[in-house]
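Asks: Quick one: the structure is below, and I'll ask about it shortly.
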Amino acid sequence: MDEQRESMRAPIPSDLITFGIATLTIDGQDIVILSEDGGYRAIDRWCPHEDGDLGEGLMFGKHIKCPTHGYIFELARGQCLNQLNIRARVYEVEVDQEEMVLRPLS
């Protein structure tokens with residue numbers, strides 16, 4: 001199996017339950033976790049455009065907007081809606097008891 005496709009595990013952050021968004025670092029990867037429709041979405045924390053902090057971004061619907069330059073990313077595929085040649089890495093998120101299990105999708 002490709003090393004990047006392997007699952008990563010982390011405790012469920014308390015901020016996620018309280019605020020619906022949390023940032024965490026797993027295996028050296030900074031990731032933003034968001035509550036969505038009774039489940040969770042995850043995306044790399046740093047915007048691939050110019051490293052804006054998506055952890056401070058605005059989530060609306062199934063998208064997150066980077067606070068630095070307003071780039072909008074789909075949370076399901078990581079596609080940037082402003083620039084079609086930009087994509088952020090997103091993760092499949094499962095909950096296993098008190099832990100989150102993340103697997104890269106893109």
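If you're wondering about the labels, chains in the structure tokens are A, B, ... by order shown, residues count from 1 in each chain, ligands from 1 in order shown.
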What's the 12 Å shell around Gly61 (chain A), counting only C-alpha atoms, without same-chain residues fewer than 6 positions away, as a ChimeraX atom specification?
Replies: /A:34-37,41,72-76
Asks: Output N, CA and C atoms for every residue in that selection, as a short mmCIF file (atom, residue, chain, number, x, y, z; two decimals), in the first residue's frame.
Replies:
```cif
data_model
loop_
_atom_site.label_atom_id
_atom_site.label_comp_id
_atom_site.auth_asym_id
_atom_site.auth_seq_id
_atom_site.Cartn_x
_atom_site.Cartn_y
_atom_site.Cartn_z
N LEU A 34 -13.54 19.29 10.30
CA LEU A 34 -14.78 20.07 10.37
C LEU A 34 -15.98 19.14 10.51
N SER A 35 -16.95 19.57 11.31
CA SER A 35 -18.22 18.84 11.40
C SER A 35 -19.06 19.19 10.18
N GLU A 36 -19.69 18.15 9.58
CA GLU A 36 -20.55 18.40 8.44
C GLU A 36 -21.61 17.32 8.34
N ASP A 37 -22.86 17.71 8.38
CA ASP A 37 -23.99 16.79 8.18
C ASP A 37 -23.90 15.54 9.05
N ARG A 41 -15.34 16.12 7.96
CA ARG A 41 -14.50 16.31 6.78
C ARG A 41 -13.14 16.75 7.27
N ILE A 72 -11.64 29.18 -2.42
CA ILE A 72 -12.68 28.31 -1.89
C ILE A 72 -12.40 26.87 -2.34
N PHE A 73 -12.42 25.96 -1.37
CA PHE A 73 -12.13 24.55 -1.64
C PHE A 73 -13.32 23.67 -1.30
N GLU A 74 -13.59 22.72 -2.19
CA GLU A 74 -14.60 21.70 -1.92
C GLU A 74 -14.02 20.76 -0.87
N LEU A 75 -14.80 20.45 0.14
CA LEU A 75 -14.31 19.56 1.19
C LEU A 75 -14.33 18.10 0.78
N ALA A 76 -15.12 17.74 -0.22
CA ALA A 76 -15.19 16.34 -0.65
C ALA A 76 -14.02 15.93 -1.54
#
```
Asks: Using only C-alpha atoms, determine which residues lie at most 9 Å from region 50-56 of chain A, disregarding the query and same-chain residues fewer than 4 positions distant; provide the list as number ranges by chain.
Replies: A: 21-23, 31-33, 43-46, 64-69
Asks: Write the selection just made, keeping C-alpha atoms, as a PDB file, in the first residue's frame?
Replies:
```pdb
ATOM      1  CA  ILE A  21     -13.776  22.878  13.704  1.00  0.00           C
ATOM      2  CA  ALA A  22     -10.377  21.877  15.036  1.00  0.00           C
ATOM      3  CA  THR A  23      -6.787  21.720  13.889  1.00  0.00           C
ATOM      4  CA  ILE A  31      -4.976  19.048   9.283  1.00  0.00           C
ATOM      5  CA  VAL A  32      -8.290  20.867   9.758  1.00  0.00           C
ATOM      6  CA  ILE A  33     -11.235  18.722  10.870  1.00  0.00           C
ATOM      7  CA  ILE A  43      -8.436  19.046   4.688  1.00  0.00           C
ATOM      8  CA  ASP A  44      -4.776  20.039   4.897  1.00  0.00           C
ATOM      9  CA  ARG A  45      -4.446  23.089   7.132  1.00  0.00           C
ATOM     10  CA  TRP A  46      -2.272  25.200   4.841  1.00  0.00           C
ATOM     11  CA  ILE A  64     -14.111  26.182   3.105  1.00  0.00           C
ATOM     12  CA  LYS A  65     -12.816  29.646   2.220  1.00  0.00           C
ATOM     13  CA  CYS A  66      -9.194  30.565   2.876  1.00  0.00           C
ATOM     14  CA  PRO A  67      -8.952  33.748   4.970  1.00  0.00           C
ATOM     15  CA  THR A  68      -5.827  34.973   3.133  1.00  0.00           C
ATOM     16  CA  HIS A  69      -6.994  35.385  -0.480  1.00  0.00           C
TER      17      HIS A  69
END
```
Asks: List every residue of region 5-102 of chain A that DSSP, applied to the backbone, labels as strand (DSSP E or B), and write the result as a PyMOL selection string.
Replies: chain A and resi 8-11+21-26+29-36+39-44+46+53+58-60+63-65+72-74+79-80+87+90-96+99-102
Asks: Write the selection just made, keeping C-alpha atoms, as a PDB file, in the first residue's frame?
Replies:
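again29.pdb was written with the following content:
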```pdb
ATOM      1  CA  MET A   8      -3.602   8.095  10.499  1.00  0.00           C
ATOM      2  CA  ARG A   9      -5.153   8.067  13.970  1.00  0.00           C
ATOM      3  CA  ALA A  10      -5.674  10.824  16.512  1.00  0.00           C
ATOM      4  CA  PRO A  11      -7.894  11.468  19.530  1.00  0.00           C
ATOM      5  CA  ILE A  21     -13.776  22.878  13.704  1.00  0.00           C
ATOM      6  CA  ALA A  22     -10.377  21.877  15.036  1.00  0.00           C
ATOM      7  CA  THR A  23      -6.787  21.720  13.889  1.00  0.00           C
ATOM      8  CA  LEU A  24      -4.415  18.917  14.726  1.00  0.00           C
ATOM      9  CA  THR A  25      -1.088  17.498  13.694  1.00  0.00           C
ATOM     10  CA  ILE A  26      -0.865  13.806  12.850  1.00  0.00           C
ATOM     11  CA  GLN A  29       0.664  16.721   8.820  1.00  0.00           C
ATOM     12  CA  ASP A  30      -1.307  19.807   9.908  1.00  0.00           C
ATOM     13  CA  ILE A  31      -4.976  19.048   9.283  1.00  0.00           C
ATOM     14  CA  VAL A  32      -8.290  20.867   9.758  1.00  0.00           C
ATOM     15  CA  ILE A  33     -11.235  18.722  10.870  1.00  0.00           C
ATOM     16  CA  LEU A  34     -14.778  20.072  10.371  1.00  0.00           C
ATOM     17  CA  SER A  35     -18.218  18.839  11.395  1.00  0.00           C
ATOM     18  CA  GLU A  36     -20.550  18.400   8.436  1.00  0.00           C
ATOM     19  CA  GLY A  39     -20.053  13.445  10.061  1.00  0.00           C
ATOM     20  CA  TYR A  40     -16.628  14.952   9.616  1.00  0.00           C
ATOM     21  CA  ARG A  41     -14.499  16.306   6.778  1.00  0.00           C
ATOM     22  CA  ALA A  42     -10.768  16.942   6.844  1.00  0.00           C
ATOM     23  CA  ILE A  43      -8.436  19.046   4.688  1.00  0.00           C
ATOM     24  CA  ASP A  44      -4.776  20.039   4.897  1.00  0.00           C
ATOM     25  CA  TRP A  46      -2.272  25.200   4.841  1.00  0.00           C
ATOM     26  CA  ASP A  53      -4.485  28.962   7.454  1.00  0.00           C
ATOM     27  CA  LEU A  58     -14.955  30.174   6.837  1.00  0.00           C
ATOM     28  CA  MET A  59     -16.900  26.984   6.241  1.00  0.00           C
ATOM     29  CA  PHE A  60     -20.123  27.275   4.295  1.00  0.00           C
ATOM     30  CA  HIS A  63     -16.772  24.300   1.159  1.00  0.00           C
ATOM     31  CA  ILE A  64     -14.111  26.182   3.105  1.00  0.00           C
ATOM     32  CA  LYS A  65     -12.816  29.646   2.220  1.00  0.00           C
ATOM     33  CA  ILE A  72     -12.680  28.313  -1.889  1.00  0.00           C
ATOM     34  CA  PHE A  73     -12.126  24.551  -1.644  1.00  0.00           C
ATOM     35  CA  GLU A  74     -14.601  21.699  -1.917  1.00  0.00           C
ATOM     36  CA  GLN A  79     -10.785  21.162  -5.710  1.00  0.00           C
ATOM     37  CA  CYS A  80     -10.330  24.940  -5.612  1.00  0.00           C
ATOM     38  CA  ARG A  87      -6.226  21.294  -5.210  1.00  0.00           C
ATOM     39  CA  VAL A  90      -8.628  16.045   1.717  1.00  0.00           C
ATOM     40  CA  TYR A  91      -9.175  13.023   3.924  1.00  0.00           C
ATOM     41  CA  GLU A  92     -11.815  10.415   4.545  1.00  0.00           C
ATOM     42  CA  VAL A  93     -12.701  10.585   8.252  1.00  0.00           C
ATOM     43  CA  GLU A  94     -14.068   7.751  10.363  1.00  0.00           C
ATOM     44  CA  VAL A  95     -14.620   7.638  14.100  1.00  0.00           C
ATOM     45  CA  ASP A  96     -13.398   4.547  15.925  1.00  0.00           C
ATOM     46  CA  GLU A  99     -10.256   8.232  17.882  1.00  0.00           C
ATOM     47  CA  MET A 100     -10.491   9.677  14.409  1.00  0.00           C
ATOM     48  CA  VAL A 101      -9.098   7.636  11.534  1.00  0.00           C
ATOM     49  CA  LEU A 102      -8.047   9.696   8.502  1.00  0.00           C
TER      50      LEU A 102
END
```
Asks: Choose the residue, out of A:Arg89, A:Gly38, A:Pro48, A:Lys62, that has the smallest atom-to-atom separation from Ile17 (chain A); count only C-alpha atoms.
Replies: A:Gly38
Asks: Check region 9-55 of chain A with DSSP on the backbone and list each residue it calls alpha helix (DSSP H), as a PyMOL selection string.
Replies: chain A and resi 14-19
Asks: Put those residues in a file: N, CA and C atoms, as a PDB file, in the first residue's frame.
Replies:
```
ATOM      1  N   SER A  14     -11.304  18.172  21.387  1.00  0.00           N
ATOM      2  CA  SER A  14     -12.450  18.755  22.105  1.00  0.00           C
ATOM      3  C   SER A  14     -13.000  19.974  21.370  1.00  0.00           C
ATOM      4  N   ASP A  15     -12.147  20.740  20.676  1.00  0.00           N
ATOM      5  CA  ASP A  15     -12.611  21.904  19.910  1.00  0.00           C
ATOM      6  C   ASP A  15     -13.592  21.490  18.818  1.00  0.00           C
ATOM      7  N   LEU A  16     -13.434  20.311  18.279  1.00  0.00           N
ATOM      8  CA  LEU A  16     -14.317  19.837  17.220  1.00  0.00           C
ATOM      9  C   LEU A  16     -15.738  19.675  17.745  1.00  0.00           C
ATOM     10  N   ILE A  17     -15.854  19.148  18.930  1.00  0.00           N
ATOM     11  CA  ILE A  17     -17.173  18.953  19.539  1.00  0.00           C
ATOM     12  C   ILE A  17     -17.766  20.299  19.944  1.00  0.00           C
ATOM     13  N   THR A  18     -16.936  21.196  20.471  1.00  0.00           N
ATOM     14  CA  THR A  18     -17.404  22.497  20.950  1.00  0.00           C
ATOM     15  C   THR A  18     -17.695  23.475  19.820  1.00  0.00           C
ATOM     16  N   PHE A  19     -16.783  23.587  18.855  1.00  0.00           N
ATOM     17  CA  PHE A  19     -16.866  24.626  17.829  1.00  0.00           C
ATOM     18  C   PHE A  19     -17.186  24.115  16.417  1.00  0.00           C
TER      19      PHE A  19
END
```
Asks: Measure the distance from CA of Ala88 (chain A) to CA of Pro13 (chain A) in Å and round it to one decimal.
Replies: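 Here the two named atoms are 21.7 Å from each other.
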Asks: Using CA of His49 (chain A) and CA of Gly20 (chain A) as the two end points, give the distance in Å to one decimal.
Replies: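 Those two atoms sit 24.4 Å apart.
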Asks: Rounded to one decimal, what separation in Å do you get between CA of Gln83 (chain A) and CA of Gly57 (chain A)?
Replies: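 It comes out at 17.2 Å.
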